[in-house]
Amino acid sequence: MTIEPIETALTFRAAFFDDRHETAFRLFNGFTEGNPDLVIDLYARTLVVHNYADKPENGFASVREVQQFFPQRLPWIKAIVVKTRNSQDPQQKRGRLVFGEAADRKILENGVWYAIDPMINRDASFYLDTRNVRLWASQHLKDKSVLNTFAYTGSLESPLERAAPRVSSIWI
């Protein structure tokens, strides 16, 4: 793997970065950007690098390259967590800290603070792909009654409660 597709992704996502490095977003989606074995998420000052290779060892070189690249390219990064989806070891699936002392435990998105734990499960505990849904909900559900069927994630609860006067949340 080369760093070129990641540099391209950084350029396309430049507007997502905030000056205080408190936000979260998908920095590189290898499934659509040239390396289906690799996904890189940013949670404040923590990178979560997902090795999606069917055979984990096939993704190790890309992961190492990312680990070497980002502390130089984004010197404000304070932690890197690597998650190996198809590992036999549950801890490798949940993630291991490979750079820094501790992963961030909170992020700020559209004026709402969220508590996170990037190493709690195989996923990273906060679904970045619903960022636009959360923004849309906060802008369009004012004065509405809302049934939140995604209560298990908790990520829709805060923006909904800020926008809608009546929110009912259930786990399905």
# chains A, B, ... in the order shown; residues from 1 in each chain; ligands from 1

call {"tool": "residues_around", "arguments": {"residues": "Ala103 of chain A", "least_positions_apart": "3", "cutoff": "10 Å", "atoms": "only C-alpha atoms", "output": "list in words"}}
result
Tyr43, Ala44, Arg45, Thr46, Leu47, Val48, Lys78, Ala79, Ile80, Val81, Arg96, Leu97, Phe99, Gly100, Lys106, Ile116, Asp117, Pro118 and Met119 of chain A

call {"tool": "write_last_selection", "arguments": {"atoms": "all heavy atoms", "output": "short mmCIF file (atom, residue, chain, number, x, y, z; two decimals), in the first residue's frame"}}
result
data_model
loop_
_atom_site.label_atom_id
_atom_site.label_comp_id
_atom_site.auth_asym_id
_atom_site.auth_seq_id
_atom_site.Cartn_x
_atom_site.Cartn_y
_atom_site.Cartn_z
N TYR A 43 -11.05 9.98 16.24
CA TYR A 43 -11.85 10.34 17.41
C TYR A 43 -11.03 11.33 18.23
O TYR A 43 -10.12 10.93 18.96
CB TYR A 43 -12.15 9.11 18.27
CG TYR A 43 -13.06 8.11 17.59
CD1 TYR A 43 -12.54 7.11 16.79
CD2 TYR A 43 -14.44 8.18 17.76
CE1 TYR A 43 -13.37 6.19 16.16
CE2 TYR A 43 -15.28 7.26 17.13
CZ TYR A 43 -14.73 6.28 16.35
OH TYR A 43 -15.56 5.38 15.72
N ALA A 44 -11.30 12.61 18.04
CA ALA A 44 -10.54 13.68 18.70
C ALA A 44 -9.07 13.57 18.28
O ALA A 44 -8.75 13.74 17.11
CB ALA A 44 -10.75 13.67 20.21
N ARG A 45 -8.19 13.21 19.20
CA ARG A 45 -6.76 13.09 18.89
C ARG A 45 -6.32 11.62 18.84
O ARG A 45 -5.15 11.32 18.96
CB ARG A 45 -5.94 13.83 19.94
CG ARG A 45 -6.16 15.33 19.91
CD ARG A 45 -5.45 16.00 21.07
NE ARG A 45 -5.75 17.42 21.12
CZ ARG A 45 -4.95 18.37 20.64
NH1 ARG A 45 -3.80 18.06 20.11
NH2 ARG A 45 -5.31 19.63 20.72
N THR A 46 -7.31 10.74 18.65
CA THR A 46 -7.03 9.31 18.59
C THR A 46 -7.40 8.76 17.23
O THR A 46 -8.52 8.98 16.75
CB THR A 46 -7.83 8.55 19.68
OG1 THR A 46 -7.42 9.02 20.97
CG2 THR A 46 -7.62 7.05 19.59
N LEU A 47 -6.48 8.04 16.61
CA LEU A 47 -6.78 7.31 15.38
C LEU A 47 -7.14 5.88 15.74
O LEU A 47 -6.45 5.26 16.56
CB LEU A 47 -5.56 7.25 14.45
CG LEU A 47 -5.19 8.48 13.66
CD1 LEU A 47 -3.94 8.19 12.85
CD2 LEU A 47 -6.32 8.91 12.75
N VAL A 48 -8.20 5.38 15.13
CA VAL A 48 -8.53 3.97 15.24
C VAL A 48 -8.34 3.38 13.85
O VAL A 48 -9.01 3.76 12.90
CB VAL A 48 -9.97 3.73 15.75
CG1 VAL A 48 -10.29 2.25 15.78
CG2 VAL A 48 -10.14 4.34 17.14
N LYS A 78 -2.46 11.89 19.53
CA LYS A 78 -1.86 11.45 20.81
C LYS A 78 -1.97 9.95 21.03
O LYS A 78 -1.34 9.42 21.94
CB LYS A 78 -2.47 12.21 21.98
CG LYS A 78 -3.87 11.81 22.33
CD LYS A 78 -4.29 12.42 23.66
CE LYS A 78 -5.46 11.63 24.20
NZ LYS A 78 -5.78 11.94 25.56
N ALA A 79 -2.80 9.26 20.22
CA ALA A 79 -2.94 7.82 20.40
C ALA A 79 -3.35 7.17 19.08
O ALA A 79 -4.06 7.77 18.27
CB ALA A 79 -3.97 7.51 21.48
N ILE A 80 -2.89 5.93 18.90
CA ILE A 80 -3.33 5.11 17.77
C ILE A 80 -3.74 3.75 18.33
O ILE A 80 -2.98 3.11 19.06
CB ILE A 80 -2.23 4.93 16.71
CG1 ILE A 80 -1.82 6.28 16.11
CG2 ILE A 80 -2.71 3.98 15.59
CD1 ILE A 80 -0.65 6.21 15.13
N VAL A 81 -4.96 3.34 17.97
CA VAL A 81 -5.50 2.04 18.35
C VAL A 81 -5.64 1.22 17.08
O VAL A 81 -6.16 1.72 16.07
CB VAL A 81 -6.88 2.19 19.03
CG1 VAL A 81 -7.52 0.83 19.28
CG2 VAL A 81 -6.75 2.97 20.33
N ARG A 96 -5.84 -2.64 20.29
CA ARG A 96 -4.68 -2.49 21.16
C ARG A 96 -4.06 -1.13 20.88
O ARG A 96 -4.01 -0.67 19.73
CB ARG A 96 -3.68 -3.62 20.98
CG ARG A 96 -3.10 -3.74 19.61
CD ARG A 96 -2.20 -4.98 19.48
NE ARG A 96 -1.87 -5.20 18.09
CZ ARG A 96 -0.86 -4.62 17.44
NH1 ARG A 96 -0.06 -3.82 18.06
NH2 ARG A 96 -0.65 -4.89 16.16
N LEU A 97 -3.63 -0.49 21.92
CA LEU A 97 -2.98 0.81 21.82
C LEU A 97 -1.56 0.59 21.33
O LEU A 97 -0.78 -0.11 21.99
CB LEU A 97 -2.99 1.49 23.19
CG LEU A 97 -2.54 2.93 23.23
CD1 LEU A 97 -3.52 3.83 22.49
CD2 LEU A 97 -2.42 3.38 24.69
N PHE A 99 0.29 3.34 19.95
CA PHE A 99 0.99 4.62 20.01
C PHE A 99 0.30 5.47 21.07
O PHE A 99 -0.93 5.52 21.12
CB PHE A 99 0.94 5.32 18.64
CG PHE A 99 1.51 6.71 18.63
CD1 PHE A 99 2.88 6.91 18.51
CD2 PHE A 99 0.68 7.81 18.73
CE1 PHE A 99 3.40 8.19 18.51
CE2 PHE A 99 1.20 9.10 18.72
CZ PHE A 99 2.57 9.29 18.60
N GLY A 100 1.09 6.11 21.89
CA GLY A 100 0.54 6.99 22.92
C GLY A 100 0.25 6.26 24.21
O GLY A 100 0.55 5.07 24.35
N LYS A 106 -13.76 11.18 24.87
CA LYS A 106 -14.90 12.01 24.51
C LYS A 106 -14.63 12.72 23.20
O LYS A 106 -13.47 12.96 22.83
CB LYS A 106 -15.24 13.01 25.62
CG LYS A 106 -14.16 14.05 25.86
CD LYS A 106 -14.57 15.00 26.97
CE LYS A 106 -13.51 16.10 27.13
NZ LYS A 106 -13.89 17.08 28.12
N ILE A 116 -16.96 8.18 24.72
CA ILE A 116 -16.60 7.06 23.85
C ILE A 116 -15.61 6.15 24.55
O ILE A 116 -14.94 6.56 25.50
CB ILE A 116 -16.01 7.53 22.49
CG1 ILE A 116 -14.72 8.34 22.73
CG2 ILE A 116 -17.03 8.32 21.69
CD1 ILE A 116 -13.91 8.58 21.48
N ASP A 117 -15.52 4.95 24.06
CA ASP A 117 -14.49 4.01 24.50
C ASP A 117 -14.09 3.22 23.26
O ASP A 117 -14.70 2.21 22.94
CB ASP A 117 -14.99 3.09 25.60
CG ASP A 117 -13.89 2.17 26.11
OD1 ASP A 117 -12.80 2.12 25.50
OD2 ASP A 117 -14.13 1.50 27.13
N PRO A 118 -13.08 3.69 22.54
CA PRO A 118 -12.72 3.05 21.27
C PRO A 118 -12.28 1.59 21.38
O PRO A 118 -12.18 0.90 20.38
CB PRO A 118 -11.58 3.90 20.74
CG PRO A 118 -11.58 5.14 21.52
CD PRO A 118 -12.26 4.85 22.81
N MET A 119 -12.03 1.11 22.61
CA MET A 119 -11.54 -0.26 22.76
C MET A 119 -12.52 -1.16 23.51
O MET A 119 -12.16 -2.24 23.95
CB MET A 119 -10.18 -0.23 23.47
CG MET A 119 -9.13 0.50 22.64
SD MET A 119 -7.58 0.80 23.48
CE MET A 119 -7.03 -0.85 23.77
#

call {"tool": "residues_around", "arguments": {"residues": "segment 60-75 of chain A", "least_positions_apart": "2", "cutoff": "12 Å", "atoms": "only C-alpha atoms", "output": "ChimeraX atom specification"}}
result
/A:1-7,10,14,17,21,27-28,30,34-42,44-58,77-84,87,97-100

call {"tool": "select_by_dssp", "arguments": {"residues": "segment 18-55 of chain A", "states": "alpha helix (DSSP H)", "output": "number ranges by chain"}}
result
A: 30-33

call {"tool": "closest_residue", "arguments": {"among": "A:Thr23, A:Gln88, A:Asn29, A:Ser125", "to": "Thr8 of chain A", "atoms": "only C-alpha atoms"}}
result
A:Asn29

call {"tool": "select_by_dssp", "arguments": {"residues": "segment 56-163 of chain A", "states": "strand (DSSP E or B)", "output": "list of chain:residue names"}}
result
A:Ala79, A:Ile80, A:Val81, A:Val82, A:Lys83, A:Thr84, A:Arg96, A:Leu97, A:Val98, A:Phe99, A:Gly100, A:Lys106, A:Ile107, A:Leu108, A:Glu109, A:Val112, A:Trp113, A:Tyr114, A:Ala115, A:Ser145, A:Val146, A:Leu147, A:Asn148

call {"tool": "write_last_selection", "arguments": {"atoms": "N, CA and C atoms", "output": "mmCIF file, in the first residue's frame"}}
result
data_model
loop_
_atom_site.group_PDB
_atom_site.id
_atom_site.type_symbol
_atom_site.label_atom_id
_atom_site.label_comp_id
_atom_site.auth_asym_id
_atom_site.auth_seq_id
_atom_site.Cartn_x
_atom_site.Cartn_y
_atom_site.Cartn_z
ATOM 1 N N ALA A 79 -2.798 9.260 20.218
ATOM 2 C CA ALA A 79 -2.937 7.816 20.399
ATOM 3 C C ALA A 79 -3.349 7.167 19.083
ATOM 4 N N ILE A 80 -2.892 5.934 18.902
ATOM 5 C CA ILE A 80 -3.330 5.109 17.771
ATOM 6 C C ILE A 80 -3.737 3.751 18.331
ATOM 7 N N VAL A 81 -4.956 3.343 17.969
ATOM 8 C CA VAL A 81 -5.497 2.038 18.351
ATOM 9 C C VAL A 81 -5.640 1.218 17.080
ATOM 10 N N VAL A 82 -5.193 -0.021 17.097
ATOM 11 C CA VAL A 82 -5.350 -0.924 15.949
ATOM 12 C C VAL A 82 -6.335 -2.023 16.330
ATOM 13 N N LYS A 83 -7.353 -2.185 15.492
ATOM 14 C CA LYS A 83 -8.349 -3.249 15.660
ATOM 15 C C LYS A 83 -8.205 -4.221 14.498
ATOM 16 N N THR A 84 -8.097 -5.491 14.794
ATOM 17 C CA THR A 84 -7.932 -6.513 13.763
ATOM 18 C C THR A 84 -9.208 -7.350 13.739
ATOM 19 N N ARG A 96 -5.843 -2.641 20.290
ATOM 20 C CA ARG A 96 -4.678 -2.489 21.162
ATOM 21 C C ARG A 96 -4.056 -1.133 20.882
ATOM 22 N N LEU A 97 -3.629 -0.488 21.917
ATOM 23 C CA LEU A 97 -2.980 0.809 21.820
ATOM 24 C C LEU A 97 -1.559 0.589 21.333
ATOM 25 N N VAL A 98 -1.218 1.147 20.168
ATOM 26 C CA VAL A 98 0.111 0.948 19.593
ATOM 27 C C VAL A 98 0.941 2.225 19.595
ATOM 28 N N PHE A 99 0.289 3.339 19.946
ATOM 29 C CA PHE A 99 0.992 4.625 20.005
ATOM 30 C C PHE A 99 0.299 5.473 21.065
ATOM 31 N N GLY A 100 1.087 6.113 21.894
ATOM 32 C CA GLY A 100 0.537 6.994 22.920
ATOM 33 C C GLY A 100 0.254 6.255 24.210
ATOM 34 N N LYS A 106 -13.759 11.180 24.866
ATOM 35 C CA LYS A 106 -14.903 12.008 24.514
ATOM 36 C C LYS A 106 -14.626 12.722 23.199
ATOM 37 N N ILE A 107 -15.716 13.028 22.503
ATOM 38 C CA ILE A 107 -15.641 13.770 21.248
ATOM 39 C C ILE A 107 -16.751 14.812 21.238
ATOM 40 N N LEU A 108 -16.600 15.805 20.379
ATOM 41 C CA LEU A 108 -17.597 16.851 20.196
ATOM 42 C C LEU A 108 -18.062 16.813 18.752
ATOM 43 N N GLU A 109 -19.375 16.670 18.574
ATOM 44 C CA GLU A 109 -19.935 16.638 17.216
ATOM 45 C C GLU A 109 -21.171 17.531 17.179
ATOM 46 N N VAL A 112 -22.541 18.707 20.477
ATOM 47 C CA VAL A 112 -22.915 17.695 21.460
ATOM 48 C C VAL A 112 -21.667 16.896 21.839
ATOM 49 N N TRP A 113 -21.430 16.764 23.142
ATOM 50 C CA TRP A 113 -20.335 15.931 23.642
ATOM 51 C C TRP A 113 -20.818 14.500 23.785
ATOM 52 N N TYR A 114 -19.964 13.554 23.386
ATOM 53 C CA TYR A 114 -20.266 12.126 23.518
ATOM 54 C C TYR A 114 -19.118 11.447 24.251
ATOM 55 N N ALA A 115 -19.463 10.566 25.173
ATOM 56 C CA ALA A 115 -18.463 9.712 25.812
ATOM 57 C C ALA A 115 -18.210 8.529 24.890
ATOM 58 N N SER A 145 -42.592 14.647 17.599
ATOM 59 C CA SER A 145 -42.480 13.489 18.474
ATOM 60 C C SER A 145 -41.663 12.446 17.726
ATOM 61 N N VAL A 146 -40.691 11.853 18.404
ATOM 62 C CA VAL A 146 -39.753 10.959 17.736
ATOM 63 C C VAL A 146 -39.703 9.605 18.448
ATOM 64 N N LEU A 147 -39.757 8.545 17.675
ATOM 65 C CA LEU A 147 -39.512 7.205 18.182
ATOM 66 C C LEU A 147 -38.116 6.800 17.705
ATOM 67 N N ASN A 148 -37.178 6.727 18.616
ATOM 68 C CA ASN A 148 -35.787 6.390 18.309
ATOM 69 C C ASN A 148 -35.610 4.881 18.461
#

call {"tool": "atom_distance", "arguments": {"atom1": "atom CA of Arg131 of chain A", "atom2": "atom CA of Arg94 of chain A"}}
result
22.1 Å

call {"tool": "closest_residue", "arguments": {"among": "A:Gln139, A:Asp123, A:Ser168, A:Asn110", "to": "Phe16 of chain A", "atoms": "only C-alpha atoms"}}
result
A:Asn110

call {"tool": "atom_distance", "arguments": {"atom1": "atom CA of Phe12 of chain A", "atom2": "atom CA of Arg134 of chain A"}}
result
21.2 Å
